[in-house]
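Shown below: coords23.cif, with mmCIF, C-alpha atoms, pLDDT in the B column; chains and numbers go by the auth columns.
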```cif
data_model
loop_
_atom_site.group_PDB
_atom_site.id
_atom_site.type_symbol
_atom_site.label_atom_id
_atom_site.label_comp_id
_atom_site.label_asym_id
_atom_site.label_seq_id
_atom_site.Cartn_x
_atom_site.Cartn_y
_atom_site.Cartn_z
_atom_site.B_iso_or_equiv
_atom_site.auth_seq_id
_atom_site.auth_asym_id
ATOM 1 C CA MET A 1 70.934 108.271 87.141 83.00 1 A
ATOM 2 C CA THR A 2 71.794 106.113 90.114 91.00 2 A
ATOM 3 C CA LEU A 3 75.027 104.608 91.367 92.00 3 A
ATOM 4 C CA GLU A 4 73.892 101.167 90.227 95.00 4 A
ATOM 5 C CA VAL A 5 73.496 102.323 86.630 95.00 5 A
ATOM 6 C CA VAL A 6 76.971 103.889 86.662 94.00 6 A
ATOM 7 C CA LEU A 7 78.520 100.729 88.116 95.00 7 A
ATOM 8 C CA ILE A 8 76.724 98.499 85.592 97.00 8 A
ATOM 9 C CA ALA A 9 77.954 100.697 82.739 96.00 9 A
ATOM 10 C CA SER A 10 81.500 100.621 84.099 96.00 10 A
ATOM 11 C CA ALA A 11 81.353 96.822 84.508 97.00 11 A
ATOM 12 C CA ALA A 12 80.124 96.508 80.920 97.00 12 A
ATOM 13 C CA LEU A 13 82.989 98.694 79.688 96.00 13 A
ATOM 14 C CA PHE A 14 85.473 96.635 81.674 97.00 14 A
ATOM 15 C CA CYS A 15 84.098 93.327 80.365 97.00 15 A
ATOM 16 C CA VAL A 16 84.112 94.462 76.740 97.00 16 A
ATOM 17 C CA GLY A 17 87.673 95.715 77.177 95.00 17 A
ATOM 18 C CA LEU A 18 88.763 92.462 78.805 96.00 18 A
ATOM 19 C CA TYR A 19 87.280 90.446 75.958 96.00 19 A
ATOM 20 C CA GLY A 20 88.964 92.729 73.431 93.00 20 A
ATOM 21 C CA ALA A 21 92.341 92.553 75.156 92.00 21 A
ATOM 22 C CA LEU A 22 92.281 88.757 75.469 94.00 22 A
ATOM 23 C CA SER A 23 90.824 87.853 72.091 93.00 23 A
ATOM 24 C CA GLN A 24 92.809 90.073 69.738 87.00 24 A
ATOM 25 C CA GLN A 25 96.314 89.598 68.361 83.00 25 A
ATOM 26 C CA VAL A 26 96.835 93.007 66.797 82.00 26 A
ATOM 27 C CA VAL A 27 98.753 95.287 69.169 79.00 27 A
ATOM 28 C CA VAL A 28 96.519 98.297 68.565 81.00 28 A
ATOM 29 C CA MET A 29 93.361 96.292 69.277 87.00 29 A
ATOM 30 C CA VAL A 30 94.855 94.932 72.505 87.00 30 A
ATOM 31 C CA MET A 31 95.684 98.496 73.529 87.00 31 A
ATOM 32 C CA MET A 32 92.127 99.577 72.742 89.00 32 A
ATOM 33 C CA GLY A 33 90.846 96.784 74.977 92.00 33 A
ATOM 34 C CA LEU A 34 93.134 97.952 77.769 90.00 34 A
ATOM 35 C CA GLU A 35 91.902 101.492 77.249 90.00 35 A
ATOM 36 C CA LEU A 36 88.287 100.344 77.619 93.00 36 A
ATOM 37 C CA MET A 37 89.176 98.477 80.800 94.00 37 A
ATOM 38 C CA LEU A 38 90.842 101.562 82.270 91.00 38 A
ATOM 39 C CA ASN A 39 87.861 103.704 81.275 92.00 39 A
ATOM 40 C CA GLY A 40 85.558 101.286 83.088 95.00 40 A
ATOM 41 C CA VAL A 41 87.631 101.574 86.248 93.00 41 A
ATOM 42 C CA ILE A 42 87.741 105.360 85.969 91.00 42 A
ATOM 43 C CA LEU A 43 83.966 105.520 85.455 92.00 43 A
ATOM 44 C CA ALA A 44 83.396 103.337 88.530 93.00 44 A
ATOM 45 C CA ALA A 45 85.738 105.470 90.640 89.00 45 A
ATOM 46 C CA ALA A 46 84.138 108.696 89.418 88.00 46 A
ATOM 47 C CA GLY A 47 80.667 107.352 90.129 89.00 47 A
ATOM 48 C CA LEU A 48 81.629 106.243 93.608 88.00 48 A
ATOM 49 C CA TRP A 49 83.230 109.591 94.402 86.00 49 A
ATOM 50 C CA TRP A 50 80.296 111.507 92.951 86.00 50 A
ATOM 51 C CA PHE A 51 77.627 109.626 94.866 88.00 51 A
ATOM 52 C CA LEU A 52 79.472 108.932 98.128 85.00 52 A
ATOM 53 C CA ALA A 53 81.620 112.037 98.658 80.00 53 A
ATOM 54 C CA PRO A 54 80.914 114.849 96.179 77.00 54 A
ATOM 55 C CA ALA A 55 84.045 116.801 97.147 75.00 55 A
ATOM 56 C CA PRO A 56 86.195 117.825 94.161 76.00 56 A
ATOM 57 C CA ASP A 57 89.282 115.993 95.465 74.00 57 A
ATOM 58 C CA GLY A 58 88.325 112.726 93.795 73.00 58 A
ATOM 59 C CA GLN A 59 87.586 114.356 90.461 77.00 59 A
ATOM 60 C CA VAL A 60 90.981 116.066 90.455 82.00 60 A
ATOM 61 C CA LEU A 61 92.679 112.725 91.113 82.00 61 A
ATOM 62 C CA LEU A 62 90.724 111.209 88.225 82.00 62 A
ATOM 63 C CA LEU A 63 91.912 113.984 85.906 85.00 63 A
ATOM 64 C CA VAL A 64 95.499 113.195 86.875 88.00 64 A
ATOM 65 C CA VAL A 65 94.902 109.487 86.203 85.00 65 A
ATOM 66 C CA ILE A 66 93.310 110.249 82.813 87.00 66 A
ATOM 67 C CA THR A 67 96.273 112.446 81.904 90.00 67 A
ATOM 68 C CA ALA A 68 98.759 109.726 82.856 88.00 68 A
ATOM 69 C CA MET A 69 96.710 107.174 80.911 86.00 69 A
ATOM 70 C CA THR A 70 96.761 109.405 77.843 87.00 70 A
ATOM 71 C CA VAL A 71 100.539 109.717 77.952 90.00 71 A
ATOM 72 C CA GLU A 72 100.868 105.969 78.478 85.00 72 A
ATOM 73 C CA MET A 73 98.670 105.179 75.490 85.00 73 A
ATOM 74 C CA ALA A 74 100.545 107.667 73.303 89.00 74 A
ATOM 75 C CA MET A 75 103.819 105.946 74.175 88.00 75 A
ATOM 76 C CA GLY A 76 102.242 102.549 73.523 83.00 76 A
ATOM 77 C CA PHE A 77 101.027 103.635 70.107 84.00 77 A
ATOM 78 C CA ALA A 78 104.505 104.999 69.366 87.00 78 A
ATOM 79 C CA VAL A 79 106.008 101.588 70.204 81.00 79 A
ATOM 80 C CA ALA A 80 103.359 99.848 68.080 80.00 80 A
ATOM 81 C CA THR A 81 104.103 102.186 65.161 82.00 81 A
ATOM 82 C CA LEU A 82 107.835 101.605 65.519 82.00 82 A
ATOM 83 C CA LEU A 83 107.247 97.858 65.652 78.00 83 A
ATOM 84 C CA HIS A 84 105.141 97.998 62.494 77.00 84 A
ATOM 85 C CA ARG A 85 107.694 100.122 60.644 81.00 85 A
ATOM 86 C CA SER A 86 110.675 97.987 61.586 78.00 86 A
ATOM 87 C CA ARG A 87 109.126 94.523 61.195 74.00 87 A
ATOM 88 C CA GLU A 88 106.139 95.089 58.899 74.00 88 A
ATOM 89 C CA SER A 89 103.976 93.282 61.435 69.00 89 A
ATOM 90 C CA ASP A 90 101.563 94.415 64.103 65.00 90 A
ATOM 91 C CA MET A 91 100.769 91.085 65.722 70.00 91 A
ATOM 92 C CA THR A 92 101.470 90.477 69.408 66.00 92 A
ATOM 93 C CA ASP A 93 103.263 87.171 68.872 63.00 93 A
ATOM 94 C CA MET A 94 105.769 88.934 66.594 64.00 94 A
ATOM 95 C CA ALA A 95 106.537 91.521 69.291 61.00 95 A
ATOM 96 C CA THR A 96 108.266 89.216 71.752 63.00 96 A
ATOM 97 C CA ASP A 97 111.703 90.690 71.081 62.00 97 A
ATOM 98 C CA LEU A 98 111.727 94.480 70.669 57.00 98 A
ATOM 99 C CA SER A 99 115.453 94.879 69.983 55.00 99 A
ATOM 100 C CA GLY A 100 115.718 95.977 66.352 53.00 100 A
#
```
Output the file's structure in the form of structure tokens.
Amino acid sequence: MTLEVVLIASAALFCVGLYGALSQQVVVMVMMGLELMLNGVILAAAGLWWFLAPAPDGQVLLLVVITAMTVEMAMGFAVATLLHRSRESDMTDMATDLSG
């Protein structure tokens, strides 16, 4: 596997995520698109660090970023669940005002 293959795969992930985030109206699907975009960026960063400087410092930073991303997505899904329970809707245009 070469750096070019890793970067093409990460660009494909990012593009699919961008299309998903821009074309969907359901909050969960938009969040899944954002997750794919972040995974594409993380894959590109990991590939660059692996091929250019194989020291473990970059991989540790990526683990911290993945952990923060996991917590962020969990909080986003909690907000989406709360929005669905309170308003019986999960569409993004219905989520403009989050105050009860």
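Here the PyMOL selection byres ((chain A and resi 48) around 12) catches exactly these residues: Thr2, Leu3, Glu4, Val5, Val6, Leu7, Ser10, Val41, Ile42, Leu43, Ala44, Ala45, Ala46, Gly47, Trp49, Trp50, Phe51, Leu52, Ala53, Pro54, Ala55, Gly58, Gln59 and Leu62 of chain A.
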inquiry  = As an exercise, work out the distance from CA of Gly76 in chain A to CA of Ile8 in chain A in Å and give it to one decimal place.
reply    =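 Going from CA of Gly76 in chain A over to CA of Ile8 in chain A, I get 28.5 Å.
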request  = To verify the selection step, state as a ChimeraX atom specification which residues the PyMOL selection byres ((chain A and resi 30) around 10) yields on this input.
outcome  = /A:17-29,31-36,91-92
Protein and nucleic acid residues near (86.1, 97.3, 85.2) (cut-off 8 Å, only C-alpha atoms) as JSON, numbers by chain = {"A": [10, 11, 12, 13, 14, 15, 37, 38, 39, 40, 41, 44]}
request  = Could you jot down the CA of Leu83 in chain A to CA of Thr70 in chain A separation for me, Å, one decimal place?
outcome  =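 One can read the CA of Leu83 in chain A to CA of Thr70 in chain A distance as 19.8 Å.
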Taking all atoms of range 17-25 of chain A that the file lists and extending 6 Å past them on each side, where is the centre of the axis-aligned box and how long are its edges? Answer in Å to one decimal, as JSON.
```
{"center_x": 91.8, "center_y": 91.8, "center_z": 73.6, "size_x": 21.0, "size_y": 19.9, "size_z": 22.4}
```
